[in-house]
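To be precise, the following lines are start_14.cif, and they hold mmCIF, C-alpha atoms and all ligand atoms.
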data_final
loop_
_atom_site.group_PDB
_atom_site.id
_atom_site.type_symbol
_atom_site.label_atom_id
_atom_site.label_comp_id
_atom_site.auth_asym_id
_atom_site.auth_seq_id
_atom_site.Cartn_x
_atom_site.Cartn_y
_atom_site.Cartn_z
ATOM 1 C CA MET A 1 71.884 121.184 92.216
ATOM 2 C CA ILE A 2 71.997 118.863 95.209
ATOM 3 C CA GLU A 3 73.333 119.970 98.549
ATOM 4 C CA ILE A 4 74.124 117.627 101.432
ATOM 5 C CA LYS A 5 74.726 118.992 104.899
ATOM 6 C CA ASP A 6 76.403 117.200 107.791
ATOM 7 C CA ILE A 7 75.258 113.684 106.787
ATOM 8 C CA ASN A 8 75.804 111.129 109.536
ATOM 9 C CA LYS A 9 74.913 107.456 109.217
ATOM 10 C CA THR A 10 75.562 104.609 111.627
ATOM 11 C CA PHE A 11 74.922 100.878 111.423
ATOM 12 C CA GLY A 12 74.791 99.556 114.997
ATOM 13 C CA ASP A 13 77.865 100.996 116.687
ATOM 14 C CA LYS A 14 79.621 101.596 113.360
ATOM 15 C CA HIS A 15 79.772 105.285 112.420
ATOM 16 C CA VAL A 16 79.934 104.973 108.615
ATOM 17 C CA LEU A 17 79.371 108.588 107.498
ATOM 18 C CA LYS A 18 80.819 111.311 109.689
ATOM 19 C CA GLY A 19 79.346 114.709 108.915
ATOM 20 C CA ILE A 20 79.592 114.858 105.113
ATOM 21 C CA SER A 21 78.712 118.190 103.492
ATOM 22 C CA ALA A 22 79.033 118.901 99.774
ATOM 23 C CA ILE A 23 77.405 120.540 96.776
ATOM 24 C CA PHE A 24 76.808 118.578 93.563
ATOM 25 C CA ASN A 25 76.369 121.062 90.752
ATOM 26 C CA GLN A 26 73.930 120.983 87.861
ATOM 27 C CA GLY A 27 75.405 120.167 84.438
ATOM 28 C CA MET A 28 78.380 118.439 86.051
ATOM 29 C CA SER A 29 79.626 114.903 86.529
ATOM 30 C CA ASN A 30 80.073 114.815 90.292
ATOM 31 C CA LEU A 31 82.131 111.813 91.388
ATOM 32 C CA ILE A 32 82.252 110.150 94.798
ATOM 33 C CA ILE A 33 85.472 108.179 95.191
ATOM 34 C CA GLY A 34 87.243 106.428 98.048
ATOM 35 C CA GLY A 35 88.599 103.087 99.178
ATOM 36 C CA SER A 36 86.481 100.014 99.776
ATOM 37 C CA GLY A 37 84.265 100.509 102.810
ATOM 38 C CA SER A 38 84.821 104.289 102.924
ATOM 39 C CA GLY A 39 81.062 104.881 102.708
ATOM 40 C CA LYS A 40 80.437 105.799 99.047
ATOM 41 C CA THR A 41 77.393 103.599 98.426
ATOM 42 C CA THR A 42 75.971 104.423 101.854
ATOM 43 C CA LEU A 43 76.234 108.129 101.002
ATOM 44 C CA LEU A 44 74.545 107.597 97.635
ATOM 45 C CA LYS A 45 71.732 105.670 99.355
ATOM 46 C CA CYS A 46 71.312 108.465 101.915
ATOM 47 C CA ILE A 47 71.030 111.008 99.100
ATOM 48 C CA VAL A 48 68.328 109.088 97.189
ATOM 49 C CA GLY A 49 66.398 108.089 100.314
ATOM 50 C CA LEU A 50 67.224 104.367 100.379
ATOM 51 C CA HIS A 51 68.852 105.006 103.790
ATOM 52 C CA GLU A 52 67.768 107.613 106.314
ATOM 53 C CA PRO A 53 70.724 109.468 107.870
ATOM 54 C CA GLU A 54 70.566 109.909 111.662
ATOM 55 C CA LYS A 55 71.647 113.499 111.240
ATOM 56 C CA GLY A 56 71.982 115.923 108.352
ATOM 57 C CA GLU A 57 69.996 117.133 105.373
ATOM 58 C CA VAL A 58 69.723 116.471 101.637
ATOM 59 C CA LEU A 59 68.414 119.328 99.503
ATOM 60 C CA TYR A 60 67.311 118.897 95.886
ATOM 61 C CA SER A 61 67.286 122.321 94.222
ATOM 62 C CA ASN A 62 66.882 123.836 97.715
ATOM 63 C CA GLN A 63 63.956 121.550 98.652
ATOM 64 C CA ASN A 64 64.617 119.700 101.891
ATOM 65 C CA PHE A 65 64.187 116.017 100.944
ATOM 66 C CA THR A 66 65.128 114.778 104.421
ATOM 67 C CA THR A 67 62.162 116.311 106.208
ATOM 68 C CA MET A 68 59.630 115.185 103.566
ATOM 69 C CA ASP A 69 57.371 112.185 104.137
ATOM 70 C CA PHE A 70 56.912 109.387 101.584
ATOM 71 C CA GLU A 71 54.141 111.187 99.649
ATOM 72 C CA GLU A 72 55.966 114.517 99.587
ATOM 73 C CA ARG A 73 59.064 112.833 98.173
ATOM 74 C CA ILE A 74 57.254 111.356 95.147
ATOM 75 C CA PRO A 75 57.685 114.422 92.829
ATOM 76 C CA ILE A 76 61.443 114.435 93.514
ATOM 77 C CA ARG A 77 61.699 110.660 93.120
ATOM 78 C CA LYS A 78 60.146 111.063 89.657
ATOM 79 C CA GLU A 79 63.012 113.413 88.780
ATOM 80 C CA ILE A 80 65.662 110.872 89.802
ATOM 81 C CA GLY A 81 67.214 108.401 87.356
ATOM 82 C CA MET A 82 69.308 105.605 88.816
ATOM 83 C CA LEU A 83 71.846 103.281 87.227
ATOM 84 C CA PHE A 84 72.414 100.510 89.753
ATOM 85 C CA GLN A 85 75.519 98.386 90.238
ATOM 86 C CA ASN A 86 75.216 95.330 87.925
ATOM 87 C CA SER A 87 72.561 97.273 85.940
ATOM 88 C CA ALA A 88 69.725 95.579 87.919
ATOM 89 C CA LEU A 89 67.610 94.841 84.848
ATOM 90 C CA PHE A 90 64.546 92.619 85.211
ATOM 91 C CA ASP A 91 65.646 89.325 83.643
ATOM 92 C CA SER A 92 62.125 88.233 82.722
ATOM 93 C CA MET A 93 61.428 91.451 80.787
ATOM 94 C CA THR A 94 62.662 92.472 77.365
ATOM 95 C CA VAL A 95 64.906 95.502 76.888
ATOM 96 C CA GLU A 96 61.877 97.585 75.862
ATOM 97 C CA GLU A 97 59.806 96.422 78.846
ATOM 98 C CA ASN A 98 62.683 97.286 81.181
ATOM 99 C CA ILE A 99 62.898 100.806 79.774
ATOM 100 C CA ILE A 100 59.148 101.327 79.847
ATOM 101 C CA PHE A 101 58.878 100.096 83.452
ATOM 102 C CA PRO A 102 59.269 103.560 85.109
ATOM 103 C CA LEU A 103 56.808 105.050 82.590
ATOM 104 C CA ASN A 104 54.212 102.440 83.605
ATOM 105 C CA LEU A 105 54.729 103.329 87.257
ATOM 106 C CA PHE A 106 54.804 107.101 87.045
ATOM 107 C CA THR A 107 53.037 108.311 83.887
ATOM 108 C CA ALA A 108 49.725 108.067 82.067
ATOM 109 C CA MET A 109 51.419 107.866 78.655
ATOM 110 C CA SER A 110 49.787 105.724 75.974
ATOM 111 C CA LYS A 111 51.451 102.481 74.877
ATOM 112 C CA ALA A 112 52.576 104.127 71.618
ATOM 113 C CA GLU A 113 54.082 107.102 73.456
ATOM 114 C CA LYS A 114 55.963 104.759 75.791
ATOM 115 C CA VAL A 115 57.372 102.760 72.876
ATOM 116 C CA ASP A 116 58.419 106.032 71.184
ATOM 117 C CA ARG A 117 60.211 107.112 74.340
ATOM 118 C CA ALA A 118 61.890 103.677 74.692
ATOM 119 C CA ASN A 119 63.048 103.920 71.079
ATOM 120 C CA TYR A 120 64.453 107.400 71.651
ATOM 121 C CA CYS A 121 66.334 106.243 74.780
ATOM 122 C CA LEU A 122 67.666 103.135 73.024
ATOM 123 C CA GLU A 123 68.876 105.224 70.121
ATOM 124 C CA ARG A 124 70.531 107.629 72.576
ATOM 125 C CA VAL A 125 72.603 104.787 74.047
ATOM 126 C CA ASN A 126 73.352 103.333 70.579
ATOM 127 C CA LEU A 127 71.217 100.232 71.037
ATOM 128 C CA LYS A 128 68.598 100.860 68.366
ATOM 129 C CA GLY A 129 66.669 97.714 67.446
ATOM 130 C CA THR A 130 67.408 95.703 70.588
ATOM 131 C CA ASN A 131 63.849 96.171 71.957
ATOM 132 C CA LYS A 132 62.864 92.524 71.976
ATOM 133 C CA LEU A 133 66.072 91.067 73.403
ATOM 134 C CA PHE A 134 66.233 89.780 76.966
ATOM 135 C CA PRO A 135 69.018 90.857 79.404
ATOM 136 C CA ALA A 136 70.582 87.374 79.220
ATOM 137 C CA GLU A 137 71.246 88.003 75.520
ATOM 138 C CA LEU A 138 73.261 91.203 76.189
ATOM 139 C CA SER A 139 76.934 91.796 76.982
ATOM 140 C CA GLY A 140 77.881 93.590 80.226
ATOM 141 C CA GLY A 141 78.406 96.876 78.380
ATOM 142 C CA MET A 142 75.046 96.575 76.619
ATOM 143 C CA LYS A 143 73.319 95.897 79.954
ATOM 144 C CA LYS A 144 74.858 99.088 81.360
ATOM 145 C CA ARG A 145 73.599 100.999 78.348
ATOM 146 C CA VAL A 146 70.082 99.591 78.796
ATOM 147 C CA GLY A 147 70.396 100.582 82.469
ATOM 148 C CA ILE A 148 71.255 104.118 81.354
ATOM 149 C CA ALA A 149 68.357 104.124 78.866
ATOM 150 C CA ARG A 150 65.995 103.128 81.694
ATOM 151 C CA ALA A 151 67.534 105.761 83.993
ATOM 152 C CA ILE A 152 66.866 108.555 81.477
ATOM 153 C CA THR A 153 63.445 107.404 80.302
ATOM 154 C CA MET A 154 61.670 109.784 82.718
ATOM 155 C CA GLN A 155 63.894 112.704 81.613
ATOM 156 C CA PRO A 156 65.472 113.025 85.068
ATOM 157 C CA LYS A 157 66.888 116.210 86.575
ATOM 158 C CA TYR A 158 69.190 114.092 88.736
ATOM 159 C CA LEU A 159 71.113 111.017 87.587
ATOM 160 C CA PHE A 160 72.831 108.631 90.007
ATOM 161 C CA CYS A 161 75.226 105.924 88.860
ATOM 162 C CA ASP A 162 76.660 103.349 91.251
ATOM 163 C CA GLU A 163 79.887 101.855 89.868
ATOM 164 C CA PRO A 164 78.882 102.237 86.187
ATOM 165 C CA ASN A 165 82.151 100.668 85.012
ATOM 166 C CA SER A 166 82.257 97.599 87.236
ATOM 167 C CA GLY A 167 82.931 94.461 85.218
ATOM 168 C CA LEU A 168 83.638 96.324 81.969
ATOM 169 C CA ASP A 169 86.797 96.335 79.866
ATOM 170 C CA PRO A 170 88.673 99.689 79.709
ATOM 171 C CA LYS A 171 87.390 100.616 76.237
ATOM 172 C CA THR A 172 83.740 99.904 77.089
ATOM 173 C CA SER A 173 84.202 101.798 80.375
ATOM 174 C CA ILE A 174 85.215 104.896 78.437
ATOM 175 C CA VAL A 175 82.143 104.550 76.166
ATOM 176 C CA ILE A 176 79.909 104.422 79.273
ATOM 177 C CA ASP A 177 81.693 107.393 80.888
ATOM 178 C CA GLU A 178 81.363 109.486 77.751
ATOM 179 C CA LEU A 179 77.696 108.574 77.460
ATOM 180 C CA ILE A 180 77.063 109.650 81.065
ATOM 181 C CA LYS A 181 78.974 112.897 80.498
ATOM 182 C CA ASP A 182 77.204 113.677 77.195
ATOM 183 C CA ILE A 183 73.757 113.018 78.688
ATOM 184 C CA THR A 184 74.671 115.251 81.651
ATOM 185 C CA ASP A 185 75.828 118.077 79.361
ATOM 186 C CA GLU A 186 72.988 117.810 76.832
ATOM 187 C CA ASN A 187 70.247 117.860 79.452
ATOM 188 C CA ASN A 188 72.013 120.053 82.022
ATOM 189 C CA ILE A 189 71.285 117.518 84.750
ATOM 190 C CA THR A 190 72.995 116.922 88.086
ATOM 191 C CA THR A 191 74.885 113.641 87.858
ATOM 192 C CA VAL A 192 76.450 111.840 90.804
ATOM 193 C CA VAL A 193 78.667 108.828 90.091
ATOM 194 C CA VAL A 194 80.183 106.457 92.639
ATOM 195 C CA THR A 195 83.328 104.991 91.146
ATOM 196 C CA HIS A 196 86.628 103.239 91.764
ATOM 197 C CA ASP A 197 87.712 103.769 88.188
ATOM 198 C CA MET A 198 90.705 106.091 87.791
ATOM 199 C CA ASN A 199 90.030 106.580 84.085
ATOM 200 C CA SER A 200 86.615 107.967 85.041
ATOM 201 C CA VAL A 201 88.165 110.212 87.663
ATOM 202 C CA MET A 202 90.588 111.684 85.146
ATOM 203 C CA GLY A 203 88.165 111.601 82.198
ATOM 204 C CA ILE A 204 84.894 112.989 83.547
ATOM 205 C CA GLY A 205 85.590 114.213 87.101
ATOM 206 C CA ASP A 206 84.285 117.802 87.019
ATOM 207 C CA ASN A 207 83.793 117.725 90.778
ATOM 208 C CA ILE A 208 85.278 114.932 92.882
ATOM 209 C CA LEU A 209 84.463 114.106 96.482
ATOM 210 C CA PHE A 210 87.021 111.815 98.128
ATOM 211 C CA LEU A 211 85.823 109.882 101.194
ATOM 212 C CA HIS A 212 88.252 108.391 103.666
ATOM 213 C CA ASN A 213 86.994 106.336 106.633
ATOM 214 C CA GLY A 214 83.543 107.913 106.326
ATOM 215 C CA GLU A 215 84.853 111.480 106.289
ATOM 216 C CA LYS A 216 84.992 114.002 103.474
ATOM 217 C CA TRP A 217 88.735 114.121 103.000
ATOM 218 C CA TRP A 218 89.127 116.180 99.852
ATOM 219 C CA GLN A 219 87.013 117.835 97.137
ATOM 220 C CA GLY A 220 88.208 119.228 93.814
ATOM 221 C CA THR A 221 88.458 118.723 90.051
ATOM 222 C CA ASN A 222 90.310 116.119 87.988
ATOM 223 C CA ASN A 223 92.931 118.763 87.134
ATOM 224 C CA GLU A 224 93.497 119.476 90.802
ATOM 225 C CA ILE A 225 93.682 115.798 91.730
ATOM 226 C CA ALA A 226 96.692 115.343 89.476
ATOM 227 C CA HIS A 227 98.629 117.868 91.554
ATOM 228 C CA THR A 228 97.333 117.100 95.026
ATOM 229 C CA ASP A 229 99.712 116.671 97.921
ATOM 230 C CA ASN A 230 97.031 115.122 100.153
ATOM 231 C CA PRO A 231 98.746 111.877 101.245
ATOM 232 C CA GLU A 232 95.634 109.667 101.518
ATOM 233 C CA LEU A 233 94.234 110.874 98.194
ATOM 234 C CA ASN A 234 97.616 110.460 96.549
ATOM 235 C CA SER A 235 98.000 106.897 97.754
ATOM 236 C CA PHE A 236 94.438 106.094 96.587
ATOM 237 C CA VAL A 237 94.622 107.661 93.124
ATOM 238 C CA PHE A 238 98.226 106.811 92.382
ATOM 239 C CA ALA A 239 98.219 103.322 93.905
ATOM 240 C CA SER A 240 99.320 101.656 90.683
ATOM 241 C CA LYS A 241 102.779 101.876 89.124
ATOM 242 C CA PHE A 242 101.161 103.004 85.877
ATOM 243 C CA MET A 243 99.350 105.940 87.508
ATOM 244 C CA ARG A 244 102.515 107.000 89.362
ATOM 245 C CA ALA A 245 104.456 106.971 86.087
ATOM 246 C CA ALA A 246 101.667 108.962 84.390
ATOM 247 C CA LYS A 247 101.746 111.531 87.204
ATOM 248 C CA GLU A 248 105.461 112.128 86.740
ATOM 249 C CA LYS A 249 104.781 113.125 83.128
ATOM 250 C CA LEU A 250 102.108 115.689 84.061
HETATM 251 N N1 LIG A 301 73.117 97.734 105.563
HETATM 252 C C1 LIG A 301 74.266 97.744 106.245
HETATM 253 N N2 LIG A 301 74.345 97.195 107.475
HETATM 254 C C2 LIG A 301 75.507 97.213 108.182
HETATM 255 N N3 LIG A 301 76.662 97.750 107.731
HETATM 256 C C3 LIG A 301 76.642 98.295 106.509
HETATM 257 C C4 LIG A 301 75.452 98.315 105.697
HETATM 258 N N4 LIG A 301 75.748 98.929 104.518
HETATM 259 C C5 LIG A 301 77.060 99.271 104.594
HETATM 260 N N5 LIG A 301 77.586 98.897 105.774
HETATM 261 C C6 LIG A 301 78.975 99.120 106.215
HETATM 262 O O1 LIG A 301 79.283 100.469 105.985
HETATM 263 C C7 LIG A 301 80.631 100.616 105.546
HETATM 264 C C8 LIG A 301 80.631 101.403 104.228
HETATM 265 O O2 LIG A 301 80.038 100.587 103.223
HETATM 266 P P1 LIG A 301 79.784 101.124 101.750
HETATM 267 O O3 LIG A 301 79.162 100.020 100.977
HETATM 268 O O4 LIG A 301 79.074 102.414 101.813
HETATM 269 O O5 LIG A 301 81.279 101.374 101.274
HETATM 270 P P2 LIG A 301 81.829 101.668 99.819
HETATM 271 O O6 LIG A 301 82.793 102.790 99.979
HETATM 272 O O7 LIG A 301 80.704 101.853 98.877
HETATM 273 O O8 LIG A 301 82.611 100.319 99.552
HETATM 274 P P3 LIG A 301 82.879 99.505 98.176
HETATM 275 O O9 LIG A 301 83.745 100.394 97.354
HETATM 276 O O10 LIG A 301 83.604 98.299 98.641
HETATM 277 O O11 LIG A 301 81.542 99.214 97.556
HETATM 278 C C9 LIG A 301 81.204 99.208 105.416
HETATM 279 O O12 LIG A 301 81.967 98.935 106.565
HETATM 280 C C10 LIG A 301 79.973 98.330 105.353
HETATM 281 O O13 LIG A 301 80.225 97.073 105.928
#

Here is the file; what I need is its structure written in the form of structure tokens.
Ligand SMILES: Nc1ncnc2c1ncn2[C@@H]1O[C@H](COP(=O)(O)OP(=O)(O)OP(=O)(O)O)[C@@H](O)[C@H]1O
Amino acid sequence: MIEIKDINKTFGDKHVLKGISAIFNQGMSNLIIGGSGSGKTTLLKCIVGLHEPEKGEVLYSNQNFTTMDFEERIPIRKEIGMLFQNSALFDSMTVEENIIFPLNLFTAMSKAEKVDRANYCLERVNLKGTNKLFPAELSGGMKKRVGIARAITMQPKYLFCDEPNSGLDPKTSIVIDELIKDITDENNITTVVVTHDMNSVMGIGDNILFLHNGEKWWQGTNNEIAHTDNPELNSFVFASKFMRAAKEKL
């Protein structure tokens, strides 16, 4: 479980996050949604320690991450898996080397153990046998799956995904969403996903946090979102004609 309390972040005179508090539960796909510039990525970066909030606290399983120094944060960082926007694979490394990278940094595993773990992770994302390929040889969906394999290689307790569906066709997006959900369920981990994708919201949104102008505007489940009368959330989720038509049938 991750708890955030009263997170405030400014850039210069721009107040980007205005007192965000929320709980992200274990074993759930927790989604952060909101319009462009609403502060989603900034919030994610505050949670993982890539930004320091001016005010507020982030607690990982009740441990106060915010007040920890660099060294004290290392054990928690080892428990975090991260799927970055655009997958962020190392282009000069093979698929296997990319997946092994965190193991080289954080473990004393033997070469054979690392390869075993890479093989397990590749199999888990249905990419068995792609070990020796380079990122340039992969499709966008395959890169995301390698990104997921790398994110789970350290058996994380917390998984963060920033726009996992960006640049993917709708069918591949669903494959990625289901993979994230299955991995979350199987390992009972706390997953936090930043997304714009309405299919993801409806498909895997166990707990959805909607940001509007840097404020927490609404929180609920995908079932609740379908029946919300919150005007800003409604205009965000049901912006398209297709989604409005779908809502009328609910
Ligand atoms: N490093 C930074 N320096 C200055 N301003 C920043 C920085 N990072 C983000 N911002 C500003 O903070 C606001 C929120 O940005 P953020 O990237 O968190 O939004 P977002 O909701 O993730 O948007 P998008 O969906 O378009 O990615 C924006 O106005 C952005 O310009």

Mind working out the centre and edge lengths of an axis-aligned box for ligand LIG 301 (chain A), all listed atoms inside, 5 Å added to each side, rounded to one decimal in Å and written as JSON?
{"center_x": 78.4, "center_y": 99.9, "center_z": 102.8, "size_x": 20.6, "size_y": 15.7, "size_z": 20.8}

Assuming the chain letters and numbering stay as they are in my file, what does the PyMOL selection byres (((chain A and resi 116) around 12) and not hetatm) actually select? List them as a PDB file with C-alpha atoms, in the frame of the given file.
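The resulting expr.pdb:
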ATOM      1  CA  GLU A  96      61.877  97.585  75.862  1.00  0.00           C
ATOM      2  CA  ILE A  99      62.898 100.806  79.774  1.00  0.00           C
ATOM      3  CA  ILE A 100      59.148 101.327  79.847  1.00  0.00           C
ATOM      4  CA  LEU A 103      56.808 105.050  82.590  1.00  0.00           C
ATOM      5  CA  MET A 109      51.419 107.866  78.655  1.00  0.00           C
ATOM      6  CA  SER A 110      49.787 105.724  75.974  1.00  0.00           C
ATOM      7  CA  LYS A 111      51.451 102.481  74.877  1.00  0.00           C
ATOM      8  CA  ALA A 112      52.576 104.127  71.618  1.00  0.00           C
ATOM      9  CA  GLU A 113      54.082 107.102  73.456  1.00  0.00           C
ATOM     10  CA  LYS A 114      55.963 104.759  75.791  1.00  0.00           C
ATOM     11  CA  VAL A 115      57.372 102.760  72.876  1.00  0.00           C
ATOM     12  CA  ARG A 117      60.211 107.112  74.340  1.00  0.00           C
ATOM     13  CA  ALA A 118      61.890 103.677  74.692  1.00  0.00           C
ATOM     14  CA  ASN A 119      63.048 103.920  71.079  1.00  0.00           C
ATOM     15  CA  TYR A 120      64.453 107.400  71.651  1.00  0.00           C
ATOM     16  CA  CYS A 121      66.334 106.243  74.780  1.00  0.00           C
ATOM     17  CA  LEU A 122      67.666 103.135  73.024  1.00  0.00           C
ATOM     18  CA  GLU A 123      68.876 105.224  70.121  1.00  0.00           C
ATOM     19  CA  LYS A 128      68.598 100.860  68.366  1.00  0.00           C
ATOM     20  CA  ASN A 131      63.849  96.171  71.957  1.00  0.00           C
ATOM     21  CA  THR A 153      63.445 107.404  80.302  1.00  0.00           C
TER      22      THR A 153
END

Residues within 10 Å of ligand LIG 301 (chain A), counting only C-alpha atoms and all ligand atoms: report them as an NGL selection string.
-> :A and (9-17 or 32-46 or 51 or 85 or 162-163 or 194-196 or 211-214)

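Excluding Glu3 (chain A) and any residue on its chain fewer than 5 positions from it, the residues at most 10 Å away by only C-alpha atoms are Ser21, Ala22, Ile23, Phe24, Asn25, Ile47, Glu57, Val58, Leu59, Tyr60, Ser61, Asn62, Gln63 and Asn64 of chain A.
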
Selection result of the PyMOL selection byres (((chain A and resi 26) around 9) and not hetatm) on this file, as a ChimeraX atom specification = /A:1-2,24-25,27-29,157-158,184,188-191

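The gap separating CA of Ile80 (chain A) from CA of Ile174 (chain A) is 23.4 Å, in Å to one decimal.
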
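By chain and then residue number, the residues within 7 Å of region 221-229 of chain A are Val201, Met202, Gly205, Asp206, Asn207, Ile208, Asn234 and Lys247 of chain A, counting only C-alpha atoms and disregarding those fewer than 5 positions away in sequence.
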
I would like the residues chosen by the PyMOL selection byres (((chain A and resi 151) around 6) and not hetatm) on the shown file; could you give them as a PyMOL selection string?
-> chain A and resi 81-83+148-150+152-153

Contacts of Lys55 (chain A) within 10 Å, all atoms listed in the file, excl. fewer than 5 positions in-chain, as a ChimeraX atom specification | /A:5-10,17-19,66

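Atom pair CA of Trp218 (chain A) / CA of Phe160 (chain A): separated by 20.5 Å.
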
Exercise: Ser92 (chain A) partners within 10 Å, only C-alpha atoms, chain neighbours under 4 positions left out, as a ChimeraX atom specification | /A:97-98,134-136

If you measure from CA of Leu31 (chain A) to CA of Leu138 (chain A), what distance in Å do you get, rounded to one decimal?
-> 27.1 Å

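Proximity ranking of A:Trp217, A:Thr107, A:Pro164, A:Val95 relative to Leu127 (chain A) places A:Val95 first, based on all atoms listed in the file.
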